[in-house]
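Okay, entry.txt now, which holds compact mmCIF, C-alpha atoms:
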# COMPACT_ATOMS: atom_id res chain seq x y z
CA MET A 236 27.01 -34.67 40.50
CA ALA A 237 30.18 -36.56 41.34
CA SER A 238 31.95 -38.78 38.85
CA SER A 239 32.93 -41.48 41.33
CA LEU A 240 32.77 -42.49 44.98
CA HIS A 241 36.40 -41.41 45.34
CA ASP A 242 35.34 -37.80 44.72
CA LEU A 243 32.88 -37.75 47.62
CA ASP A 244 33.69 -36.33 51.02
CA THR A 245 33.20 -38.72 53.92
CA PRO A 246 31.33 -39.77 55.91
CA ALA A 247 28.41 -39.79 53.49
CA ALA A 248 25.08 -41.63 53.43
CA LEU A 249 24.81 -43.55 50.17
CA VAL A 250 21.64 -44.96 48.64
CA ASP A 251 22.01 -47.76 46.12
CA THR A 252 19.11 -46.82 43.86
CA VAL A 253 19.05 -50.21 42.12
CA ARG A 254 18.56 -52.00 45.43
CA MET A 255 16.04 -49.40 46.59
CA GLN A 256 13.90 -49.76 43.48
CA ARG A 257 14.07 -53.54 43.80
CA ASN A 258 12.87 -53.31 47.41
CA ILE A 259 10.04 -50.98 46.41
CA ALA A 260 8.94 -53.31 43.61
CA ARG A 261 9.09 -56.35 45.89
CA MET A 262 6.84 -54.83 48.54
CA GLN A 263 4.37 -53.31 46.09
CA ALA A 264 4.05 -56.59 44.19
CA ARG A 265 3.33 -58.40 47.44
CA MET A 266 0.65 -55.90 48.47
CA ASP A 267 -0.94 -56.09 45.02
CA ALA A 268 -1.00 -59.89 45.23
CA LEU A 269 -2.64 -59.74 48.66
CA GLY A 270 -5.24 -57.29 47.37
CA VAL A 271 -4.60 -54.38 49.75
CA ARG A 272 -3.62 -50.74 49.46
CA PHE A 273 -0.11 -49.86 50.51
CA ARG A 274 0.66 -46.75 52.55
CA PRO A 275 4.46 -46.51 53.14
CA HIS A 276 5.85 -44.97 56.31
CA VAL A 277 8.13 -42.12 55.22
CA LYS A 278 9.78 -41.57 58.62
CA THR A 279 12.49 -44.02 57.52
CA THR A 280 13.82 -41.76 54.79
CA LYS A 281 12.13 -38.34 55.19
CA CYS A 282 13.08 -37.91 51.54
CA LEU A 283 10.83 -36.72 48.72
CA PRO A 284 12.51 -38.64 45.84
CA VAL A 285 12.12 -41.87 47.80
CA ALA A 286 8.44 -41.21 48.54
CA GLN A 287 7.87 -40.28 44.90
CA ALA A 288 9.40 -43.61 43.83
CA GLN A 289 7.11 -45.47 46.23
CA ILE A 290 4.03 -43.64 44.96
CA ALA A 291 5.06 -44.17 41.33
CA ALA A 292 5.22 -47.91 42.05
CA GLY A 293 1.63 -47.93 43.31
CA ALA A 294 1.60 -46.73 46.91
CA GLN A 295 -1.53 -44.82 47.92
CA GLY A 296 -0.93 -42.18 50.55
CA ILE A 297 1.83 -42.04 53.14
CA THR A 298 2.29 -42.52 56.86
CA VAL A 299 4.18 -39.97 58.96
CA SER A 300 5.36 -39.83 62.56
CA THR A 301 5.38 -36.03 63.01
CA LEU A 302 3.14 -33.24 61.84
CA LYS A 303 6.23 -31.49 60.49
CA GLU A 304 6.67 -34.45 58.15
CA ALA A 305 3.03 -34.06 57.14
CA GLU A 306 3.54 -30.35 56.43
CA ARG A 307 6.62 -30.94 54.29
CA PHE A 308 5.20 -33.79 52.23
CA PHE A 309 1.88 -31.99 51.79
CA ALA A 310 3.76 -28.92 50.53
CA GLU A 311 5.31 -31.22 47.91
CA GLY A 312 1.92 -32.43 46.71
CA VAL A 313 1.17 -35.51 48.83
CA GLN A 314 -2.39 -35.17 50.16
CA ASP A 315 -3.42 -38.51 51.71
CA ILE A 316 -1.48 -38.59 54.99
CA LEU A 317 -1.88 -40.66 58.15
CA TYR A 318 -0.28 -39.17 61.26
CA ALA A 319 0.38 -42.45 63.05
CA VAL A 320 1.20 -41.14 66.53
CA GLY A 321 -1.38 -40.58 69.26
CA MET A 322 -2.78 -37.06 68.93
CA ALA A 323 -1.66 -34.65 71.64
CA PRO A 324 -4.23 -31.86 72.22
CA ALA A 325 -1.54 -29.18 71.90
CA ARG A 326 -0.92 -30.25 68.29
CA LEU A 327 -4.53 -29.90 67.18
CA PRO A 328 -4.07 -26.32 65.86
CA GLN A 329 -1.26 -27.61 63.62
CA ALA A 330 -3.47 -30.44 62.39
CA LEU A 331 -6.33 -28.01 61.79
CA ALA A 332 -4.11 -25.78 59.67
CA LEU A 333 -3.19 -28.72 57.48
CA ARG A 334 -6.81 -29.77 57.07
CA ARG A 335 -7.85 -26.20 56.20
CA GLN A 336 -5.22 -26.14 53.46
CA GLY A 337 -6.75 -29.22 51.87
CA CYS A 338 -4.59 -31.97 53.35
CA GLY A 339 -6.41 -35.26 53.81
CA LEU A 340 -4.83 -35.70 57.24
CA LYS A 341 -5.93 -38.61 59.41
CA LEU A 342 -5.33 -38.64 63.18
CA ILE A 343 -5.19 -41.53 65.64
CA THR A 344 -6.10 -41.97 69.28
CA ASP A 345 -6.36 -44.82 71.78
CA SER A 346 -8.22 -43.21 74.69
CA VAL A 347 -11.56 -41.65 75.54
CA ALA A 348 -9.73 -38.54 76.79
CA GLY A 349 -7.90 -38.22 73.48
CA ALA A 350 -11.09 -38.71 71.49
CA GLN A 351 -12.93 -36.12 73.56
CA ALA A 352 -10.13 -33.58 73.15
CA ILE A 353 -10.19 -33.99 69.37
CA ALA A 354 -13.98 -33.76 69.27
CA GLU A 355 -14.13 -30.67 71.49
CA PHE A 356 -11.48 -28.88 69.45
CA GLY A 357 -13.11 -29.91 66.18
CA ARG A 358 -16.53 -28.65 67.23
CA ALA A 359 -15.07 -25.38 68.49
CA HIS A 360 -13.42 -24.75 65.12
CA GLY A 361 -16.06 -26.22 62.82
CA GLU A 362 -13.79 -29.08 61.66
CA VAL A 363 -14.69 -32.73 61.26
CA PHE A 364 -11.42 -34.57 61.84
CA GLU A 365 -10.99 -38.07 60.47
CA VAL A 366 -9.74 -40.23 63.34
CA TRP A 367 -8.60 -43.85 63.46
CA ILE A 368 -8.42 -45.88 66.65
CA GLU A 369 -5.09 -47.52 67.44
CA ILE A 370 -5.29 -51.22 68.31
CA ASP A 371 -2.78 -53.11 70.45
CA VAL A 372 -2.30 -56.52 68.88
CA ASP A 373 0.85 -57.64 70.73
CA GLY A 374 1.48 -55.55 73.85
CA HIS A 375 4.35 -53.84 72.07
CA ARG A 376 3.51 -50.20 72.62
CA SER A 377 0.26 -48.23 72.29
CA GLY A 378 -3.34 -49.01 71.51
CA ILE A 379 -6.49 -50.67 72.81
CA PRO A 380 -6.68 -54.50 72.84
CA PRO A 381 -9.15 -55.84 70.25
CA GLU A 382 -11.51 -56.99 73.02
CA GLY A 383 -10.91 -53.98 75.24
CA ALA A 384 -13.97 -52.28 76.70
CA ALA A 385 -12.50 -48.87 75.86
CA LEU A 386 -12.71 -49.54 72.12
CA LEU A 387 -16.43 -48.86 71.84
CA ASP A 388 -16.22 -45.96 74.28
CA VAL A 389 -13.58 -44.26 72.12
CA GLY A 390 -15.58 -44.92 68.98
CA ARG A 391 -18.73 -43.42 70.50
CA ALA A 392 -16.84 -40.40 71.84
CA LEU A 393 -15.65 -39.62 68.33
CA VAL A 394 -18.94 -40.22 66.51
CA GLU A 395 -21.13 -38.55 69.13
CA GLY A 396 -18.63 -35.69 69.22
CA GLY A 397 -19.20 -35.06 65.53
CA MET A 398 -15.94 -36.50 64.21
CA HIS A 399 -15.49 -39.03 61.42
CA LEU A 400 -14.42 -42.44 62.72
CA GLY A 401 -12.37 -43.59 59.75
CA GLY A 402 -11.15 -46.96 60.92
CA VAL A 403 -8.63 -48.85 63.02
CA MET A 404 -4.88 -49.30 62.74
CA ALA A 405 -2.24 -51.48 64.38
CA HIS A 406 1.53 -51.97 64.31
CA ALA A 407 3.00 -55.37 65.20
CA GLY A 408 6.26 -54.01 66.58
CA SER A 409 6.95 -57.27 68.36
CA SER A 410 7.73 -58.81 64.96
CA TYR A 411 11.23 -57.34 65.29
CA GLU A 412 11.84 -59.78 68.15
CA HIS A 413 11.48 -62.88 65.94
CA ASP A 414 13.70 -64.43 63.29
CA THR A 415 12.01 -67.49 61.81
CA PRO A 416 9.45 -67.64 58.98
CA GLY A 417 6.96 -69.50 61.14
CA ALA A 418 7.12 -66.99 63.97
CA LEU A 419 6.75 -64.06 61.56
CA ARG A 420 3.73 -65.66 59.90
CA ARG A 421 2.18 -66.18 63.34
CA ILE A 422 2.73 -62.53 64.33
CA ALA A 423 1.37 -61.35 60.98
CA GLU A 424 -1.80 -63.38 61.44
CA GLN A 425 -2.12 -62.19 65.05
CA GLU A 426 -1.87 -58.60 63.81
CA ARG A 427 -4.44 -59.18 61.07
CA ALA A 428 -6.91 -61.09 63.22
CA GLY A 429 -6.76 -58.65 66.12
CA THR A 430 -7.24 -55.56 63.99
CA VAL A 431 -10.06 -57.14 61.99
CA ARG A 432 -11.74 -58.22 65.24
CA ALA A 433 -11.63 -54.64 66.54
CA ALA A 434 -13.24 -53.42 63.31
CA GLU A 435 -15.97 -56.07 63.60
CA ARG A 436 -16.78 -55.00 67.16
CA LEU A 437 -17.13 -51.37 66.12
CA ARG A 438 -19.39 -52.25 63.20
CA ALA A 439 -21.52 -54.56 65.37
CA ALA A 440 -22.07 -51.62 67.73
CA GLY A 441 -23.34 -49.51 64.83
CA LEU A 442 -20.12 -47.51 64.49
CA PRO A 443 -18.40 -46.93 61.12
CA CYS A 444 -15.06 -48.59 60.40
CA ALA A 445 -14.13 -48.40 56.73
CA VAL A 446 -10.35 -48.73 57.08
CA VAL A 447 -8.48 -51.65 58.64
CA SER A 448 -4.80 -50.76 58.54
CA VAL A 449 -1.94 -52.98 59.71
CA GLY A 450 1.75 -53.03 59.21
CA SER A 451 5.39 -53.52 59.91
CA THR A 452 8.04 -54.56 57.43
CA PRO A 453 8.36 -58.12 58.83
CA THR A 454 4.62 -58.80 58.96
CA ALA A 455 3.99 -57.20 55.56
CA LEU A 456 6.50 -59.58 54.01
CA ALA A 457 5.41 -62.61 56.04
CA ALA A 458 1.61 -62.42 55.84
CA GLU A 459 0.07 -65.25 53.85
CA ALA A 460 -3.43 -63.73 53.67
CA LEU A 461 -4.96 -60.40 54.70
CA GLY A 462 -8.68 -61.04 54.76
CA GLY A 463 -10.56 -58.10 56.24
CA VAL A 464 -7.56 -55.75 55.95
CA THR A 465 -7.84 -52.76 53.62
CA GLU A 466 -4.30 -51.36 53.75
CA VAL A 467 -0.78 -52.11 54.95
CA ARG A 468 1.91 -49.75 56.24
CA ALA A 469 5.67 -50.40 56.29
CA GLY A 470 8.74 -48.19 56.17
CA VAL A 471 12.20 -49.66 56.62
CA TYR A 472 11.73 -52.13 53.74
CA VAL A 473 12.71 -49.40 51.27
CA PHE A 474 16.32 -49.44 52.53
CA PHE A 475 16.36 -52.48 54.85
CA ASP A 476 19.13 -52.78 57.46
CA LEU A 477 20.99 -55.28 59.62
CA VAL A 478 18.14 -55.61 62.11
CA MET A 479 15.88 -56.69 59.24
CA HIS A 480 18.65 -59.01 58.03
CA ASN A 481 18.67 -60.68 61.45
CA VAL A 482 14.87 -60.87 61.49
CA GLY A 483 15.19 -62.78 58.24
CA VAL A 484 13.31 -60.64 55.72
CA CYS A 485 16.29 -59.47 53.67
CA GLY A 486 19.87 -60.31 52.81
CA THR A 487 22.83 -57.96 53.03
CA ASP A 488 22.61 -57.53 49.26
CA ASP A 489 19.15 -55.97 49.74
CA ILE A 490 20.37 -53.23 52.09
CA ALA A 491 20.24 -50.03 50.03
CA LEU A 492 21.67 -47.61 52.63
CA SER A 493 25.33 -47.51 53.61
CA VAL A 494 27.78 -44.99 54.99
CA LEU A 495 30.87 -44.26 52.93
CA THR A 496 33.91 -43.75 55.14
CA THR A 497 37.68 -43.30 54.83
CA VAL A 498 40.48 -45.05 56.74
CA ILE A 499 42.37 -42.31 58.60
CA GLY A 500 44.75 -44.32 60.78
CA HIS A 501 45.57 -47.56 62.59
CA GLN A 502 46.23 -49.10 65.97
CA GLU A 503 48.33 -51.95 64.60
CA GLU A 504 49.04 -53.61 67.94
CA LYS A 505 45.28 -53.92 68.48
CA GLY A 506 44.52 -54.89 64.91
CA TRP A 507 42.33 -51.82 64.36
CA ALA A 508 41.75 -49.50 61.43
CA ILE A 509 40.39 -46.08 62.35
CA VAL A 510 37.79 -44.51 60.04
CA ASP A 511 36.05 -41.14 59.93
CA ALA A 512 32.57 -42.58 60.56
CA GLY A 513 31.72 -42.65 64.27
CA TRP A 514 28.34 -42.59 65.93
CA MET A 515 27.61 -39.16 64.45
CA ALA A 516 27.56 -40.90 61.06
CA MET A 517 26.12 -44.30 62.07
CA SER A 518 23.99 -43.33 65.11
CA ARG A 519 24.25 -44.95 68.53
CA ASP A 520 21.64 -47.56 67.59
CA ARG A 521 22.81 -51.04 68.58
CA GLY A 522 19.65 -52.77 67.48
CA THR A 523 21.43 -56.02 66.59
CA GLN A 524 22.93 -56.38 70.07
CA LYS A 525 20.04 -58.49 71.36
CA GLN A 526 19.59 -60.45 68.14
CA ARG A 527 21.18 -63.70 67.05
CA ARG A 528 24.11 -61.83 65.54
CA ASP A 529 25.59 -58.60 66.87
CA PHE A 530 27.01 -56.42 64.11
CA GLY A 531 28.48 -53.82 66.46
CA PHE A 532 27.90 -50.44 64.81
CA GLY A 533 27.66 -51.95 61.33
CA GLN A 534 28.91 -54.45 58.74
CA VAL A 535 32.07 -53.29 56.97
CA CYS A 536 32.07 -53.54 53.17
CA ASP A 537 34.47 -52.62 50.41
CA ALA A 538 33.96 -49.46 48.38
CA SER A 539 31.59 -51.26 46.00
CA GLY A 540 29.33 -52.34 48.87
CA GLN A 541 30.39 -55.99 49.08
CA PRO A 542 30.60 -57.18 52.72
CA LEU A 543 34.06 -58.01 54.02
CA PRO A 544 33.44 -61.20 56.04
CA GLY A 545 34.57 -60.94 59.63
CA PHE A 546 35.05 -57.16 59.72
CA LEU A 547 32.72 -54.95 61.72
CA LEU A 548 32.60 -51.38 62.88
CA SER A 549 33.16 -52.66 66.39
CA GLY A 550 33.40 -49.35 68.20
CA ALA A 551 32.47 -45.73 67.67
CA ASN A 552 33.27 -42.37 69.19
CA GLN A 553 31.69 -39.17 67.97
CA GLU A 554 33.72 -38.85 64.75
CA HIS A 555 35.92 -41.98 64.87
CA GLY A 556 35.01 -45.56 64.12
CA ILE A 557 36.98 -48.71 64.85
CA VAL A 558 37.15 -51.40 62.17
CA SER A 559 38.23 -54.75 63.58
CA LEU A 560 37.65 -58.43 63.27
CA GLU A 561 34.40 -59.78 64.67
CA GLY A 562 34.93 -61.26 68.11
CA GLY A 563 37.86 -59.02 68.98
CA ALA A 564 40.70 -61.08 67.51
CA PRO A 565 43.51 -58.80 66.29
CA CYS A 566 44.11 -58.51 62.53
CA PRO A 567 47.91 -58.60 62.17
CA ASP A 568 47.99 -57.06 58.68
CA ILE A 569 45.34 -54.40 59.26
CA ALA A 570 47.48 -51.54 57.91
CA GLN A 571 48.32 -53.47 54.76
CA ARG A 572 44.75 -54.62 54.27
CA PHE A 573 43.25 -51.15 54.78
CA PRO A 574 45.88 -48.48 54.03
CA VAL A 575 45.20 -44.88 55.02
CA GLY A 576 42.87 -43.38 52.42
CA THR A 577 41.00 -46.65 51.75
CA ARG A 578 37.30 -46.14 51.09
CA LEU A 579 34.90 -48.50 52.86
CA ARG A 580 31.15 -48.69 53.27
CA VAL A 581 29.31 -49.63 56.45
CA LEU A 582 25.84 -51.18 56.45
CA PRO A 583 23.69 -49.78 59.29
CA ASN A 584 21.92 -51.51 62.14
CA HIS A 585 18.88 -49.25 61.82
CA ALA A 586 18.29 -47.36 58.58
CA CYS A 587 15.97 -44.81 60.21
CA ALA A 588 18.52 -43.84 62.85
CA THR A 589 21.49 -43.74 60.49
CA GLY A 590 19.64 -41.70 57.88
CA ALA A 591 18.69 -39.19 60.57
CA GLN A 592 22.39 -38.39 61.10
CA HIS A 593 22.78 -36.93 57.59
CA PRO A 594 21.38 -33.80 55.89
CA HIS A 595 21.08 -35.60 52.57
CA TYR A 596 21.60 -38.90 50.85
CA LEU A 597 23.90 -39.41 47.89
CA ALA A 598 21.86 -41.55 45.54
CA ILE A 599 24.20 -43.77 43.52
CA GLN A 600 22.77 -44.22 40.05
CA PRO A 601 23.38 -47.31 37.85
CA GLY A 602 26.14 -45.47 35.98
CA GLY A 603 28.00 -44.72 39.20
CA GLN A 604 27.17 -41.03 39.49
CA ALA A 605 25.94 -39.62 42.79
CA GLN A 606 22.93 -37.32 43.06
CA ALA A 607 22.13 -35.42 46.26
CA TRP A 608 18.70 -36.21 47.71
CA PRO A 609 17.88 -33.84 50.59
CA ARG A 610 16.32 -35.17 53.76
CA PHE A 611 13.77 -33.07 55.59
CA GLN A 612 15.65 -31.93 58.66
CA GLY A 613 14.91 -30.74 62.18
CA TRP A 614 12.06 -33.09 63.11
Spell out the structure here as structure tokens.
Amino acid sequence: MASSLHDLDTPAALVDTVRMQRNIARMQARMDALGVRFRPHVKTTKCLPVAQAQIAAGAQGITVSTLKEAERFFAEGVQDILYAVGMAPARLPQALALRRQGCGLKLITDSVAGAQAIAEFGRAHGEVFEVWIEIDVDGHRSGIPPEGAALLDVGRALVEGGMHLGGVMAHAGSSYEHDTPGALRRIAEQERAGTVRAAERLRAAGLPCAVVSVGSTPTALAAEALGGVTEVRAGVYVFFDLVMHNVGVCGTDDIALSVLTTVIGHQEEKGWAIVDAGWMAMSRDRGTQKQRRDFGFGQVCDASGQPLPGFLLSGANQEHGIVSLEGGAPCPDIAQRFPVGTRLRVLPNHACATGAQHPHYLAIQPGGQAQAWPRFQGW
């Protein structure tokens, strides 16, 4: 425990637990109102106390992006786990070990070759894997288009190979490219309709498809109706970040993750303050660079977390950050405004990337005390 922020070494990743719990409650209430299960993506935080808070609020199961994540969360008692990355054959022994230990692990694939590899390995080891087919609803990344001929071929390869075809899943990653309510509603409906259509095609062909899973933070918060969908997945909503702020689904006062940093020097002729949070603390992610507002490496705030209008972390070296005015105009009283030793916070562009730079979070409780929350590391 630490009695105040001033006692903490910097840079440090801070979690505002009041904001986090508010974000969790907001998303869960929305999913409850839409009548679907909610399966949060834990890759954002890789943190057991955060996942426990999500489950306590009503989440059912989790989504992971690595099997190491699955192993760690299963060891902590979470059993219903979707591994939402296409299954590589070399990882099947690791997946088998988890299943044999009692983990309700679900796999995904989007190709006949992938389905056949899973089926062949499963038959050889006497295991019936549950597999979901990934659907491409927006050309963003992976998956089979809802009307793609390969959809039924993959489904048959799994069922005829003795596996359990559990359902379909999609991720509308293109939602990050939009920033108006109307556009987000359109993408959310496109995601829903495409995934439901894929499920209907499988069922019409006599193939099982119990689960219809969709999700991204923007579409989860924008969807007006989710007919035919059984569950939603989202991750970054728990902390939010500046990319989500630019997308339009949160305000800066919703962002629960920040990096505490200390002013260590100045370049007065340039109007810069130098802090001890560089890209090793913030990450190199410049996700706002192509959005309507570029926040550099992050929005600068005072020690309490209130944004300081006009000030950004405009540059970053490995261990040094540059605080300056937005747009590059020099700040003539920078040394007086931010004396050496001043504590600041920086809101991140991408919560997942910034969190990954730190071995633990310091969870700031309502009374101001900080509690260390370890992150699962190395994967």
**Report entry** Shell around Pro542 of chain A at 10 Å using all atoms listed in the file, local window under 5 positions removed, as a VMD selection string
**Finding:** chain A and resid 487 to 488 534 to 537 547 579 to 582
Requested in this report: Kindly give the distance, in Å, that separates atom CA of His360 of chain A and atom CA of Ala385 of chain A, rounded to a single decimal.
Outcome: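 Atom CA of Ala385 of chain A lies at a distance of 26.4 Å from atom CA of His360 of chain A.
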Report task. Measuring atom to atom with only C-alpha atoms, identify which of A:Glu459, A:Glu466, A:Glu424, A:Asp476 is nearest to Phe273 of chain A. Result ->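 Going through A:Glu459, A:Glu466, A:Glu424, A:Asp476 one by one, the smallest distance to Phe273 of chain A is for A:Glu466.
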Requested in this report: Tell me which protein, DNA and RNA residues are within 9 Å of Thr523 of chain A, counting all atoms listed in the file, leaving out same-chain ones fewer than 4 positions away, and put them as a list in words.
Outcome: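 With the cut-off at 9 Å, the set is Leu477, Val478, Asn481, Arg527, Arg528, Asp529, Phe530, Gly531, Phe532, Asn584 and His585 of chain A.
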Contacts of segment 406-496 of chain A with segment 362-368 of chain A up to 10 Å, shortest pair per row, all atoms listed in the file, as CSV:
residue,atom,partner,partner_atom,distance
A:Ala433,CA,A:Ile368,CA,9.3
A:Ala434,CA,A:Ile368,CA,9.6
A:Cys444,CA,A:Trp367,CA,8.6
A:Ala445,CA,A:Trp367,CA,9.8
A:Val446,CA,A:Trp367,CA,8.2
A:Val447,CA,A:Trp367,CA,9.2
A:Ser448,CA,A:Trp367,CA,9.3
Report task. Write out as a list of chain:residue names the residues lying within 12 Å of Gly312 of chain A, counting all atoms listed in the file and excluding same-chain residues fewer than 2 positions away. Result -> A:Leu283, A:Ala286, A:Gln287, A:Ile290, A:Gly296, A:Ile297, A:Ala305, A:Glu306, A:Arg307, A:Phe308, A:Phe309, A:Ala310, A:Gln314, A:Asp315, A:Ile316, A:Gln336, A:Gly337, A:Cys338, A:Gly339
Requested in this report: Considering only C-alpha atoms, return as a PyMOL selection string whatever protein or nucleic-acid residues lie within 7 Å of Val253 of chain A, sequence-local ones (same chain, fewer than 3 positions apart) excluded.
Outcome: chain A and resi 256-257+601
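In terms of minimum interatomic distance to Ala354 of chain A, A:His399 ranks closest within A:Arg326, A:Arg334, A:His399, A:His375, counting only C-alpha atoms.
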Set up a box along x, y and z of the file covering all listed atoms of segment 275-294 of chain A, add 4 Å on every one of the six sides, and write the centre and edge lengths in Å to one decimal, as AutoDock Vina command-line options.
--center_x 7.7 --center_y -42.3 --center_z 50.0 --size_x 20.2 --size_y 19.2 --size_z 25.3
**Report entry** Atomic separation - atom CA of Arg438 of chain A relative to atom CA of Ala458 of chain A, Å
**Finding:**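 These two atoms are separated by 24.5 Å.
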Query - Counting all atoms listed in the file, the option among A:Glu554, A:Asp388, A:Asp520, A:Asp251 closest to Ala591 of chain A - result: A:Asp520
Query - Length of the atom CA of Gly602 of chain A to atom CA of Ala260 of chain A vector [Å] - result: 20.4 Å
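Taking only C-alpha atoms into account, Ala384 of chain A lies nearest to A:Arg436 out of the set A:Arg436, A:Arg254, A:His593, A:His555.
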Query raised in the report: With all atoms listed in the file as the atoms that count, which of A:Tyr596, A:Phe475, A:Tyr411, A:Tyr318 lies nearest to Lys303 of chain A?
Result: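 The shortest atom-to-atom distance to Lys303 of chain A comes from A:Tyr318.
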Report task. Considering only C-alpha atoms, state which residue in the set A:Ala512, A:Arg427, A:Arg274, A:Pro416 is at the smallest distance from Arg468 of chain A. Result -> A:Arg274
